[in-house]
file final03.pdb (PDB, C-alpha atoms)
MODEL        1
ATOM      1  CA  MET A   1      -9.355  26.848  12.096  1.00  0.00           C
ATOM      2  CA  SER A   2      -9.526  23.686  14.100  1.00  0.00           C
ATOM      3  CA  SER A   3      -6.900  21.012  14.441  1.00  0.00           C
ATOM      4  CA  GLU A   4      -9.189  18.975  16.659  1.00  0.00           C
ATOM      5  CA  GLY A   5     -11.162  16.093  15.288  1.00  0.00           C
ATOM      6  CA  ASP A   6     -13.669  13.717  16.688  1.00  0.00           C
ATOM      7  CA  ARG A   7     -11.731  10.544  15.986  1.00  0.00           C
ATOM      8  CA  ALA A   8      -9.660   9.061  18.761  1.00  0.00           C
ATOM      9  CA  GLU A   9      -6.371   8.008  17.212  1.00  0.00           C
ATOM     10  CA  SER A  10      -3.015   7.082  18.596  1.00  0.00           C
ATOM     11  CA  ILE A  11      -0.516   9.702  17.543  1.00  0.00           C
ATOM     12  CA  ALA A  12       2.887   8.411  16.571  1.00  0.00           C
ATOM     13  CA  SER A  13       4.858  11.557  15.938  1.00  0.00           C
ATOM     14  CA  THR A  14       4.743  15.305  15.635  1.00  0.00           C
ATOM     15  CA  VAL A  15       4.780  17.346  12.466  1.00  0.00           C
ATOM     16  CA  LYS A  16       5.787  20.972  12.706  1.00  0.00           C
ATOM     17  CA  ILE A  17       4.235  23.291  10.170  1.00  0.00           C
ATOM     18  CA  ALA A  18       4.743  27.030  10.005  1.00  0.00           C
ATOM     19  CA  ALA A  19       1.564  28.845  10.954  1.00  0.00           C
ATOM     20  CA  ASP A  20       1.637  30.836   7.733  1.00  0.00           C
ATOM     21  CA  VAL A  21       1.693  27.591   5.759  1.00  0.00           C
ATOM     22  CA  VAL A  22      -1.327  26.227   7.611  1.00  0.00           C
ATOM     23  CA  LEU A  23      -3.250  29.438   7.005  1.00  0.00           C
ATOM     24  CA  GLU A  24      -2.265  29.695   3.377  1.00  0.00           C
ATOM     25  CA  ILE A  25      -3.015  26.107   2.408  1.00  0.00           C
ATOM     26  CA  THR A  26      -6.403  26.444   4.090  1.00  0.00           C
ATOM     27  CA  ALA A  27      -7.078  29.603   2.103  1.00  0.00           C
ATOM     28  CA  HIS A  28      -5.963  27.803  -1.062  1.00  0.00           C
ATOM     29  CA  CYS A  29      -8.427  24.990  -0.376  1.00  0.00           C
ATOM     30  CA  LEU A  30     -11.248  27.426   0.335  1.00  0.00           C
ATOM     31  CA  ARG A  31     -10.562  29.198  -2.946  1.00  0.00           C
ATOM     32  CA  ALA A  32     -10.473  25.862  -4.812  1.00  0.00           C
ATOM     33  CA  ALA A  33     -13.939  24.881  -3.603  1.00  0.00           C
ATOM     34  CA  PRO A  34     -16.178  23.346  -4.817  1.00  0.00           C
ATOM     35  CA  GLU A  35     -13.298  21.303  -6.218  1.00  0.00           C
ATOM     36  CA  GLU A  36     -10.758  19.650  -3.954  1.00  0.00           C
ATOM     37  CA  GLY A  37      -7.709  21.859  -3.570  1.00  0.00           C
ATOM     38  CA  CYS A  38      -4.223  20.433  -3.391  1.00  0.00           C
ATOM     39  CA  GLY A  39      -0.569  21.268  -3.231  1.00  0.00           C
ATOM     40  CA  LEU A  40       2.809  20.160  -2.000  1.00  0.00           C
ATOM     41  CA  LEU A  41       4.643  20.768   1.244  1.00  0.00           C
ATOM     42  CA  ALA A  42       8.362  21.349   1.618  1.00  0.00           C
ATOM     43  CA  ALA A  43      10.995  21.599   4.294  1.00  0.00           C
ATOM     44  CA  SER A  44      14.649  22.580   4.242  1.00  0.00           C
ATOM     45  CA  GLY A  45      16.977  19.625   3.919  1.00  0.00           C
ATOM     46  CA  GLY A  46      17.360  17.993   7.302  1.00  0.00           C
ATOM     47  CA  SER A  47      14.790  20.244   8.963  1.00  0.00           C
ATOM     48  CA  ALA A  48      11.647  18.936  10.568  1.00  0.00           C
ATOM     49  CA  LEU A  49       9.773  22.198   9.968  1.00  0.00           C
ATOM     50  CA  ILE A  50       7.475  22.440   6.956  1.00  0.00           C
ATOM     51  CA  ASP A  51       7.902  26.076   6.062  1.00  0.00           C
ATOM     52  CA  ARG A  52       7.040  26.185   2.405  1.00  0.00           C
ATOM     53  CA  TRP A  53       4.155  25.104   0.267  1.00  0.00           C
ATOM     54  CA  PHE A  54       3.489  25.008  -3.429  1.00  0.00           C
ATOM     55  CA  PRO A  55       0.004  25.289  -4.913  1.00  0.00           C
ATOM     56  CA  ALA A  56      -0.936  22.735  -7.527  1.00  0.00           C
ATOM     57  CA  ARG A  57      -3.800  22.546  -9.914  1.00  0.00           C
ATOM     58  CA  ASN A  58      -6.180  19.664  -9.327  1.00  0.00           C
ATOM     59  CA  ALA A  59      -5.946  17.909 -12.667  1.00  0.00           C
ATOM     60  CA  ALA A  60      -9.033  15.869 -11.799  1.00  0.00           C
ATOM     61  CA  ARG A  61     -11.134  19.064 -11.486  1.00  0.00           C
ATOM     62  CA  SER A  62     -13.329  17.196  -9.005  1.00  0.00           C
ATOM     63  CA  ALA A  63     -15.080  17.801  -5.718  1.00  0.00           C
ATOM     64  CA  ARG A  64     -14.259  14.249  -4.643  1.00  0.00           C
ATOM     65  CA  ARG A  65     -10.843  13.508  -6.111  1.00  0.00           C
ATOM     66  CA  TYR A  66      -7.576  15.281  -6.573  1.00  0.00           C
ATOM     67  CA  VAL A  67      -4.634  14.716  -8.855  1.00  0.00           C
ATOM     68  CA  VAL A  68      -1.649  16.991  -8.384  1.00  0.00           C
ATOM     69  CA  ASP A  69      -1.002  18.385 -11.846  1.00  0.00           C
ATOM     70  CA  PRO A  70       2.273  16.702 -12.859  1.00  0.00           C
ATOM     71  CA  SER A  71       3.756  19.857 -14.375  1.00  0.00           C
ATOM     72  CA  ASP A  72       3.019  21.742 -11.151  1.00  0.00           C
ATOM     73  CA  HIS A  73       4.717  18.939  -9.242  1.00  0.00           C
ATOM     74  CA  LEU A  74       7.786  19.201 -11.453  1.00  0.00           C
ATOM     75  CA  ARG A  75       7.891  22.968 -11.017  1.00  0.00           C
ATOM     76  CA  ALA A  76       7.528  22.663  -7.237  1.00  0.00           C
ATOM     77  CA  ASP A  77      10.193  19.967  -7.072  1.00  0.00           C
ATOM     78  CA  ARG A  78      12.667  22.102  -8.985  1.00  0.00           C
ATOM     79  CA  GLN A  79      11.876  25.242  -7.019  1.00  0.00           C
ATOM     80  CA  ALA A  80      12.184  23.406  -3.734  1.00  0.00           C
ATOM     81  CA  GLU A  81      15.554  21.997  -4.785  1.00  0.00           C
ATOM     82  CA  SER A  82      16.779  25.470  -5.792  1.00  0.00           C
ATOM     83  CA  GLU A  83      15.862  26.691  -2.314  1.00  0.00           C
ATOM     84  CA  GLY A  84      17.642  23.845  -0.564  1.00  0.00           C
ATOM     85  CA  ARG A  85      14.320  22.216   0.307  1.00  0.00           C
ATOM     86  CA  GLU A  86      12.653  18.904  -0.410  1.00  0.00           C
ATOM     87  CA  ILE A  87       9.048  17.995  -1.044  1.00  0.00           C
ATOM     88  CA  VAL A  88       8.012  16.222   2.158  1.00  0.00           C
ATOM     89  CA  GLY A  89       4.263  15.979   1.812  1.00  0.00           C
ATOM     90  CA  VAL A  90       1.019  16.852   0.152  1.00  0.00           C
ATOM     91  CA  PHE A  91      -2.139  18.569   1.292  1.00  0.00           C
ATOM     92  CA  HIS A  92      -5.614  18.344  -0.138  1.00  0.00           C
ATOM     93  CA  SER A  93      -9.118  19.266   0.908  1.00  0.00           C
ATOM     94  CA  HIS A  94     -12.165  17.208   1.680  1.00  0.00           C
ATOM     95  CA  THR A  95     -15.002  19.485   0.741  1.00  0.00           C
ATOM     96  CA  HIS A  96     -17.755  17.571   2.548  1.00  0.00           C
ATOM     97  CA  THR A  97     -16.088  14.898   4.663  1.00  0.00           C
ATOM     98  CA  ASP A  98     -13.910  14.653   7.716  1.00  0.00           C
ATOM     99  CA  PRO A  99     -10.208  15.540   7.824  1.00  0.00           C
ATOM    100  CA  TYR A 100      -9.247  11.894   7.662  1.00  0.00           C
ATOM    101  CA  PRO A 101      -7.642   9.947   4.801  1.00  0.00           C
ATOM    102  CA  SER A 102     -10.118   8.098   2.630  1.00  0.00           C
ATOM    103  CA  PRO A 103      -9.458   4.622   1.193  1.00  0.00           C
ATOM    104  CA  THR A 104      -8.515   6.424  -2.032  1.00  0.00           C
ATOM    105  CA  ASP A 105      -6.028   8.592  -0.163  1.00  0.00           C
ATOM    106  CA  VAL A 106      -4.477   5.472   1.333  1.00  0.00           C
ATOM    107  CA  ASP A 107      -4.398   3.492  -1.908  1.00  0.00           C
ATOM    108  CA  GLU A 108      -2.742   6.292  -3.841  1.00  0.00           C
ATOM    109  CA  ALA A 109      -0.371   7.654  -1.200  1.00  0.00           C
ATOM    110  CA  PRO A 110       2.893   7.801  -3.116  1.00  0.00           C
ATOM    111  CA  ASP A 111       5.566   8.000  -0.454  1.00  0.00           C
ATOM    112  CA  PRO A 112       5.516   6.464   3.028  1.00  0.00           C
ATOM    113  CA  SER A 113       7.923   9.117   4.300  1.00  0.00           C
ATOM    114  CA  TRP A 114       5.614  11.992   3.394  1.00  0.00           C
ATOM    115  CA  HIS A 115       3.191  13.926   5.539  1.00  0.00           C
ATOM    116  CA  TYR A 116      -0.417  13.804   4.326  1.00  0.00           C
ATOM    117  CA  VAL A 117      -2.371  16.872   5.385  1.00  0.00           C
ATOM    118  CA  VAL A 118      -6.129  16.909   4.967  1.00  0.00           C
ATOM    119  CA  VAL A 119      -8.074  20.158   5.145  1.00  0.00           C
ATOM    120  CA  SER A 120     -11.737  19.523   5.816  1.00  0.00           C
ATOM    121  CA  LEU A 121     -14.215  22.155   4.715  1.00  0.00           C
ATOM    122  CA  ARG A 122     -17.101  20.200   6.127  1.00  0.00           C
ATOM    123  CA  GLY A 123     -17.783  22.402   9.119  1.00  0.00           C
ATOM    124  CA  GLU A 124     -18.130  26.111   9.573  1.00  0.00           C
ATOM    125  CA  VAL A 125     -14.461  26.207  10.544  1.00  0.00           C
ATOM    126  CA  PRO A 126     -11.901  24.364   8.391  1.00  0.00           C
ATOM    127  CA  ALA A 127     -10.168  21.522  10.186  1.00  0.00           C
ATOM    128  CA  VAL A 128      -6.560  20.609   9.408  1.00  0.00           C
ATOM    129  CA  ARG A 129      -4.952  17.334  10.376  1.00  0.00           C
ATOM    130  CA  SER A 130      -1.834  15.475   9.315  1.00  0.00           C
ATOM    131  CA  TYR A 131      -1.072  11.805   8.905  1.00  0.00           C
ATOM    132  CA  GLU A 132       1.537   9.256   8.026  1.00  0.00           C
ATOM    133  CA  ILE A 133       0.300   6.728   5.481  1.00  0.00           C
ATOM    134  CA  ALA A 134       2.524   3.696   5.067  1.00  0.00           C
ATOM    135  CA  ASN A 135       1.777   0.131   4.004  1.00  0.00           C
ATOM    136  CA  GLY A 136      -1.939   0.864   4.075  1.00  0.00           C
ATOM    137  CA  ARG A 137      -1.782   2.081   7.656  1.00  0.00           C
ATOM    138  CA  ILE A 138      -2.886   5.541   8.754  1.00  0.00           C
ATOM    139  CA  THR A 139      -1.284   7.155  11.787  1.00  0.00           C
ATOM    140  CA  GLU A 140      -2.225  10.641  12.831  1.00  0.00           C
ATOM    141  CA  GLU A 141       0.555  13.097  13.527  1.00  0.00           C
ATOM    142  CA  LEU A 142       0.351  15.733  16.216  1.00  0.00           C
ATOM    143  CA  LEU A 143       0.288  18.953  14.230  1.00  0.00           C
ATOM    144  CA  GLU A 144       2.297  21.734  15.863  1.00  0.00           C
ATOM    145  CA  THR A 145       2.169  25.173  14.336  1.00  0.00           C
ATOM    146  CA  THR A 146       5.147  27.424  14.879  1.00  0.00           C
TER     147      THR A 146
ATOM    148  CA  MET B   1      27.315  11.183 -23.176  1.00  0.00           C
ATOM    149  CA  PRO B   2      25.633  10.432 -19.861  1.00  0.00           C
ATOM    150  CA  VAL B   3      22.241  11.941 -19.124  1.00  0.00           C
ATOM    151  CA  GLU B   4      21.261  13.247 -15.712  1.00  0.00           C
ATOM    152  CA  VAL B   5      18.269  11.631 -14.037  1.00  0.00           C
ATOM    153  CA  ARG B   6      16.616  13.319 -11.054  1.00  0.00           C
ATOM    154  CA  LEU B   7      15.028  10.988  -8.541  1.00  0.00           C
ATOM    155  CA  PRO B   8      12.288  11.742  -5.997  1.00  0.00           C
ATOM    156  CA  THR B   9      12.820  10.972  -2.334  1.00  0.00           C
ATOM    157  CA  LEU B  10      10.762   7.801  -2.696  1.00  0.00           C
ATOM    158  CA  LEU B  11      13.266   6.241  -5.094  1.00  0.00           C
ATOM    159  CA  ARG B  12      16.516   7.437  -3.548  1.00  0.00           C
ATOM    160  CA  PRO B  13      16.899   4.544  -1.101  1.00  0.00           C
ATOM    161  CA  SER B  14      16.937   2.241  -4.127  1.00  0.00           C
ATOM    162  CA  ALA B  15      19.719   4.319  -5.704  1.00  0.00           C
ATOM    163  CA  ASP B  16      22.138   4.414  -2.781  1.00  0.00           C
ATOM    164  CA  GLY B  17      20.475   7.560  -1.453  1.00  0.00           C
ATOM    165  CA  GLN B  18      21.287   9.667  -4.486  1.00  0.00           C
ATOM    166  CA  SER B  19      18.962  12.399  -5.735  1.00  0.00           C
ATOM    167  CA  ARG B  20      20.630  12.531  -9.135  1.00  0.00           C
ATOM    168  CA  VAL B  21      22.245   9.738 -11.109  1.00  0.00           C
ATOM    169  CA  LYS B  22      23.940   9.534 -14.474  1.00  0.00           C
ATOM    170  CA  ALA B  23      22.581   7.182 -17.096  1.00  0.00           C
ATOM    171  CA  GLN B  24      23.302   6.232 -20.668  1.00  0.00           C
ATOM    172  CA  GLY B  25      20.842   6.045 -23.490  1.00  0.00           C
ATOM    173  CA  ALA B  26      19.541   7.617 -26.647  1.00  0.00           C
ATOM    174  CA  THR B  27      15.914   7.380 -25.582  1.00  0.00           C
ATOM    175  CA  VAL B  28      14.015   7.753 -22.329  1.00  0.00           C
ATOM    176  CA  GLY B  29      13.453   3.999 -22.336  1.00  0.00           C
ATOM    177  CA  GLU B  30      17.160   3.299 -22.658  1.00  0.00           C
ATOM    178  CA  VAL B  31      17.947   5.789 -19.920  1.00  0.00           C
ATOM    179  CA  LEU B  32      15.499   4.089 -17.571  1.00  0.00           C
ATOM    180  CA  GLU B  33      16.890   0.683 -18.465  1.00  0.00           C
ATOM    181  CA  SER B  34      20.340   2.030 -17.735  1.00  0.00           C
ATOM    182  CA  ILE B  35      19.459   3.154 -14.219  1.00  0.00           C
ATOM    183  CA  VAL B  36      17.530  -0.047 -13.566  1.00  0.00           C
ATOM    184  CA  ALA B  37      20.573  -2.051 -14.630  1.00  0.00           C
ATOM    185  CA  GLU B  38      22.690  -0.160 -12.115  1.00  0.00           C
ATOM    186  CA  TYR B  39      20.015  -0.057  -9.417  1.00  0.00           C
ATOM    187  CA  PRO B  40      17.783  -3.115  -9.926  1.00  0.00           C
ATOM    188  CA  ALA B  41      15.486  -2.192  -7.037  1.00  0.00           C
ATOM    189  CA  LEU B  42      14.229   0.701  -9.151  1.00  0.00           C
ATOM    190  CA  GLU B  43      12.734  -1.575 -11.771  1.00  0.00           C
ATOM    191  CA  SER B  44       9.447  -2.335 -10.060  1.00  0.00           C
ATOM    192  CA  GLN B  45       9.082   1.281  -8.986  1.00  0.00           C
ATOM    193  CA  VAL B  46       9.674   2.899 -12.357  1.00  0.00           C
ATOM    194  CA  LEU B  47       8.559   0.376 -14.944  1.00  0.00           C
ATOM    195  CA  GLY B  48       5.221  -1.322 -15.295  1.00  0.00           C
ATOM    196  CA  SER B  49       4.730  -5.062 -15.386  1.00  0.00           C
ATOM    197  CA  GLU B  50       4.634  -5.009 -19.182  1.00  0.00           C
ATOM    198  CA  GLY B  51       7.764  -2.913 -19.547  1.00  0.00           C
ATOM    199  CA  GLY B  52       6.172   0.482 -20.036  1.00  0.00           C
ATOM    200  CA  LEU B  53       6.101   3.288 -17.525  1.00  0.00           C
ATOM    201  CA  HIS B  54       4.676   2.501 -14.108  1.00  0.00           C
ATOM    202  CA  ARG B  55       1.232   4.074 -13.964  1.00  0.00           C
ATOM    203  CA  PHE B  56       1.999   5.877 -10.718  1.00  0.00           C
ATOM    204  CA  VAL B  57       5.148   7.514 -12.080  1.00  0.00           C
ATOM    205  CA  ASN B  58       5.508  10.619 -14.226  1.00  0.00           C
ATOM    206  CA  VAL B  59       8.669  11.034 -16.281  1.00  0.00           C
ATOM    207  CA  TYR B  60       9.781  14.331 -17.736  1.00  0.00           C
ATOM    208  CA  LEU B  61      12.323  15.151 -20.366  1.00  0.00           C
ATOM    209  CA  ASN B  62      13.265  18.635 -19.269  1.00  0.00           C
ATOM    210  CA  ASP B  63       9.859  20.364 -19.009  1.00  0.00           C
ATOM    211  CA  ASP B  64       7.845  17.873 -21.019  1.00  0.00           C
ATOM    212  CA  ASP B  65       5.900  14.870 -19.791  1.00  0.00           C
ATOM    213  CA  VAL B  66       7.112  12.024 -21.996  1.00  0.00           C
ATOM    214  CA  ARG B  67       3.568  10.658 -22.215  1.00  0.00           C
ATOM    215  CA  TYR B  68       2.886  13.611 -24.504  1.00  0.00           C
ATOM    216  CA  LEU B  69       6.050  13.086 -26.510  1.00  0.00           C
ATOM    217  CA  ASP B  70       7.078   9.637 -27.688  1.00  0.00           C
ATOM    218  CA  ARG B  71       6.855   8.002 -24.263  1.00  0.00           C
ATOM    219  CA  LEU B  72       9.777   5.600 -23.790  1.00  0.00           C
ATOM    220  CA  ASP B  73      10.867   6.204 -27.408  1.00  0.00           C
ATOM    221  CA  THR B  74      11.404   9.902 -26.714  1.00  0.00           C
ATOM    222  CA  LYS B  75      14.898  10.804 -27.854  1.00  0.00           C
ATOM    223  CA  VAL B  76      17.332  12.115 -25.268  1.00  0.00           C
ATOM    224  CA  GLY B  77      20.319  14.407 -25.827  1.00  0.00           C
ATOM    225  CA  PRO B  78      23.481  14.999 -23.765  1.00  0.00           C
ATOM    226  CA  ASP B  79      22.235  18.199 -22.115  1.00  0.00           C
ATOM    227  CA  ASP B  80      18.796  16.831 -21.288  1.00  0.00           C
ATOM    228  CA  ILE B  81      17.554  16.122 -17.786  1.00  0.00           C
ATOM    229  CA  VAL B  82      15.150  13.310 -17.097  1.00  0.00           C
ATOM    230  CA  SER B  83      13.045  13.798 -13.975  1.00  0.00           C
ATOM    231  CA  ILE B  84      11.075  11.008 -12.349  1.00  0.00           C
ATOM    232  CA  LEU B  85       8.249  11.983 -10.014  1.00  0.00           C
ATOM    233  CA  PRO B  86       5.542   9.947  -8.327  1.00  0.00           C
ATOM    234  CA  ALA B  87       1.959  10.527  -9.315  1.00  0.00           C
ATOM    235  CA  VAL B  88       0.205  12.231  -6.394  1.00  0.00           C
ATOM    236  CA  ALA B  89      -3.515  11.735  -6.102  1.00  0.00           C
ATOM    237  CA  GLY B  90      -6.339  10.795  -3.808  1.00  0.00           C
ATOM    238  CA  GLY B  91      -9.562  12.335  -2.655  1.00  0.00           C
ATOM    239  CA  ALA B  92     -12.524  12.018  -0.409  1.00  0.00           C
ATOM    240  CA  SER B  93     -14.246   9.378  -2.529  1.00  0.00           C
TER     241      SER B  93
ENDMDL
END

call {"tool": "encode", "arguments": {"input": "final03.pdb", "output": "structure tokens"}}
result
Amino acid sequence: MSSEGDRAESIASTVKIAADVVLEITAHCLRAAPEEGCGLLAASGGSALIDRWFPARNAARSARRYVVDPSDHLRADRQAESEGREIVGVFHSHTHTDPYPSPTDVDEAPDPSWHYVVVSLRGEVPAVRSYEIANGRITEELLETT
Amino acid sequence: MPVEVRLPTLLRPSADGQSRVKAQGATVGEVLESIVAEYPALESQVLGSEGGLHRFVNVYLNDDDVRYLDRLDTKVGPDDIVSILPAVAGGAS
């Protein structure tokens, strides 16, 4: 798996994601292909480490669009709360394009405090990158696996 | 009897940082109006320009999406929990 890309971006901050989470969300996206895979990311309250993820059905059933199934979101939100965690981001796959937010990703980003992880299946090796998306602005985050 | 409303992280700053608030109302619409009355900054984030639900918000009465019930006319009881979540979507195209 590659966390390198070929875009030169300024990186504003670091996001820490448990290695198991990175591996598992990538596997989830590979299994979802040819549709875009998606799910939610969670961290313990006050922690900077994303150590939990929740799979979600892609309600759009599309290779070019994802919609986190609302009932899966509700279930994840409740489960996260019961574990003392909060939903802090979303991941989805780009089956044929780069691991970079599309205009659609930017337009529909729901929460400026979230982390937006894109898993690209374009190459032979999946590429995983993370971003902040706020006020229409994309800023890549340095992704640290722990 | 007040009804509990769960708020996502996105809306908490508009509700004094709270993740859960109490609201009054016999329907989902009245409950939302109740929280908007107490926290006016929530209005534009929860309700659409024509008074219905904001299109990028999903509202649940317990386990059920109110869009599949009676939407804002869905009746609410004292032990019910209303959950508000943002719609999450995007994609390569």

call {"tool": "interface_residues", "arguments": {"input": "final03.pdb", "of": "chain A", "to": "chain B", "cutoff": "7 Å", "atoms": "all atoms listed in the file", "output": "number ranges by chain"}}
result
A: 64-68, 94, 97, 102, 104-105, 108-111

call {"tool": "write_last_selection", "arguments": {"input": "final03.pdb", "atoms": "C-alpha atoms", "output": "mmCIF file, in the frame of the given file"}}
result
data_model
loop_
_atom_site.group_PDB
_atom_site.id
_atom_site.type_symbol
_atom_site.label_atom_id
_atom_site.label_comp_id
_atom_site.auth_asym_id
_atom_site.auth_seq_id
_atom_site.Cartn_x
_atom_site.Cartn_y
_atom_site.Cartn_z
ATOM 1 C CA ARG A 64 -14.259 14.249 -4.643
ATOM 2 C CA ARG A 65 -10.843 13.508 -6.111
ATOM 3 C CA TYR A 66 -7.576 15.281 -6.573
ATOM 4 C CA VAL A 67 -4.634 14.716 -8.855
ATOM 5 C CA VAL A 68 -1.649 16.991 -8.384
ATOM 6 C CA HIS A 94 -12.165 17.208 1.680
ATOM 7 C CA THR A 97 -16.088 14.898 4.663
ATOM 8 C CA SER A 102 -10.118 8.098 2.630
ATOM 9 C CA THR A 104 -8.515 6.424 -2.032
ATOM 10 C CA ASP A 105 -6.028 8.592 -0.163
ATOM 11 C CA GLU A 108 -2.742 6.292 -3.841
ATOM 12 C CA ALA A 109 -0.371 7.654 -1.200
ATOM 13 C CA PRO A 110 2.893 7.801 -3.116
ATOM 14 C CA ASP A 111 5.566 8.000 -0.454
#

call {"tool": "closest_atom_pairs", "arguments": {"input": "final03.pdb", "of": "stretch 86-126 of chain A", "to": "stretch 11-22 of chain A", "cutoff": "10 Å", "atoms": "only C-alpha atoms", "output": "tab-separated table"}}
result
residue	atom	partner	partner_atom	distance
A:Phe91	CA	A:Val22	CA	10.0
A:His115	CA	A:Val15	CA	7.9
A:Val117	CA	A:Val22	CA	9.7
A:Val119	CA	A:Val22	CA	9.4

call {"tool": "resolve_selection", "arguments": {"input": "final03.pdb", "expression": "the PyMOL selection byres ((chain B and resi 47) around 12)", "output": "PyMOL selection string"}}
result
chain B and resi 28-33+35-36+40-46+48-59+72+84

call {"tool": "residues_around", "arguments": {"input": "final03.pdb", "residues": "B:Met1", "least_positions_apart": "3", "cutoff": "9 Å", "atoms": "all atoms listed in the file", "output": "PDB file with C-alpha atoms, keeping the file's coordinate frame"}}
result
ATOM      1  CA  ALA B  23      22.581   7.182 -17.096  1.00  0.00           C
ATOM      2  CA  GLN B  24      23.302   6.232 -20.668  1.00  0.00           C
ATOM      3  CA  GLY B  25      20.842   6.045 -23.490  1.00  0.00           C
ATOM      4  CA  GLY B  77      20.319  14.407 -25.827  1.00  0.00           C
ATOM      5  CA  PRO B  78      23.481  14.999 -23.765  1.00  0.00           C
ATOM      6  CA  ASP B  79      22.235  18.199 -22.115  1.00  0.00           C
TER       7      ASP B  79
END

call {"tool": "atom_distance", "arguments": {"input": "final03.pdb", "atom1": "atom CA of A:Ala80", "atom2": "atom CA of A:Glu35"}}
result
25.7 Å

call {"tool": "residues_around", "arguments": {"input": "final03.pdb", "residues": "A:Tyr116", "least_positions_apart": "4", "cutoff": "9 Å", "atoms": "all atoms listed in the file", "output": "ChimeraX atom specification"}}
result
/A:89-92,101,105,109,129-133

call {"tool": "residues_near_point", "arguments": {"input": "final03.pdb", "point": "(-8.1, 15.4, 8.6)", "cutoff": "6 Å", "atoms": "all atoms listed in the file", "output": "list in words"}}
result
Asp98, Pro99, Tyr100, Val118, Val119, Val128 and Arg129 of chain A

call {"tool": "residues_near_point", "arguments": {"input": "final03.pdb", "point": "(13.1, 18.8, -0.3)", "cutoff": "9 Å", "atoms": "only C-alpha atoms", "output": "list in words"}}
result
Leu41, Ala42, Ala43, Ser44, Gly45, Gly46, Asp77, Ala80, Glu81, Glu83, Gly84, Arg85, Glu86, Ile87 and Val88 of chain A; Thr9 of chain B

call {"tool": "atom_distance", "arguments": {"input": "final03.pdb", "atom1": "atom CA of A:Ala63", "atom2": "atom CA of A:Ala76"}}
result
23.2 Å

call {"tool": "atom_distance", "arguments": {"input": "final03.pdb", "atom1": "atom CA of A:Ala134", "atom2": "atom CA of A:Asp107"}}
result
9.8 Å

call {"tool": "residues_around", "arguments": {"input": "final03.pdb", "residues": "A:Asp69", "least_positions_apart": "2", "cutoff": "8 Å", "atoms": "all atoms listed in the file", "output": "ChimeraX atom specification"}}
result
/A:56-59,67,71-73

call {"tool": "residues_around", "arguments": {"input": "final03.pdb", "residues": "B:Ile81", "least_positions_apart": "2", "cutoff": "6 Å", "atoms": "all atoms listed in the file", "output": "list in words"}}
result
Glu4, Val5, Leu61 and Asn62 of chain B

call {"tool": "axis_aligned_box", "arguments": {"input": "final03.pdb", "around": "stretch 66-80 of chain B", "padding_each_side": "8 Å", "output": "lines of an AutoDock Vina configuration file"}}
result
center_x = 13.2
center_y = 11.9
center_z = -24.6
size_x = 36.6
size_y = 28.6
size_z = 22.6

call {"tool": "build_atoms", "arguments": {"input": "final03.pdb", "residues": "stretch 17-29 of chain A", "atoms": "N, CA and C atoms", "output": "mmCIF file, in the coordinates of the input"}}
result
data_model
loop_
_atom_site.group_PDB
_atom_site.id
_atom_site.type_symbol
_atom_site.label_atom_id
_atom_site.label_comp_id
_atom_site.auth_asym_id
_atom_site.auth_seq_id
_atom_site.Cartn_x
_atom_site.Cartn_y
_atom_site.Cartn_z
ATOM 1 N N ILE A 17 4.556 22.535 11.378
ATOM 2 C CA ILE A 17 4.235 23.291 10.170
ATOM 3 C C ILE A 17 4.166 24.764 10.544
ATOM 4 N N ALA A 18 4.798 25.586 9.766
ATOM 5 C CA ALA A 18 4.743 27.030 10.005
ATOM 6 C C ALA A 18 3.294 27.495 9.954
ATOM 7 N N ALA A 19 2.950 28.374 10.869
ATOM 8 C CA ALA A 19 1.564 28.845 10.954
ATOM 9 C C ALA A 19 1.106 29.464 9.643
ATOM 10 N N ASP A 20 2.001 30.221 9.023
ATOM 11 C CA ASP A 20 1.637 30.836 7.733
ATOM 12 C C ASP A 20 1.264 29.777 6.703
ATOM 13 N N VAL A 21 1.973 28.668 6.718
ATOM 14 C CA VAL A 21 1.693 27.591 5.759
ATOM 15 C C VAL A 21 0.307 27.023 6.019
ATOM 16 N N VAL A 22 -0.011 26.775 7.274
ATOM 17 C CA VAL A 22 -1.327 26.227 7.611
ATOM 18 C C VAL A 22 -2.430 27.177 7.143
ATOM 19 N N LEU A 23 -2.241 28.454 7.415
ATOM 20 C CA LEU A 23 -3.250 29.438 7.005
ATOM 21 C C LEU A 23 -3.368 29.501 5.491
ATOM 22 N N GLU A 24 -2.239 29.505 4.831
ATOM 23 C CA GLU A 24 -2.265 29.695 3.377
ATOM 24 C C GLU A 24 -2.792 28.471 2.638
ATOM 25 N N ILE A 25 -2.478 27.281 3.106
ATOM 26 C CA ILE A 25 -3.015 26.107 2.408
ATOM 27 C C ILE A 25 -4.522 25.998 2.650
ATOM 28 N N THR A 26 -4.961 26.437 3.822
ATOM 29 C CA THR A 26 -6.403 26.444 4.090
ATOM 30 C C THR A 26 -7.095 27.429 3.163
ATOM 31 N N ALA A 27 -6.509 28.606 3.023
ATOM 32 C CA ALA A 27 -7.078 29.603 2.103
ATOM 33 C C ALA A 27 -7.090 29.069 0.675
ATOM 34 N N HIS A 28 -6.031 28.389 0.285
ATOM 35 C CA HIS A 28 -5.963 27.803 -1.062
ATOM 36 C C HIS A 28 -7.104 26.815 -1.261
ATOM 37 N N CYS A 29 -7.357 25.991 -0.257
ATOM 38 C CA CYS A 29 -8.427 24.990 -0.376
ATOM 39 C C CYS A 29 -9.804 25.656 -0.407
#
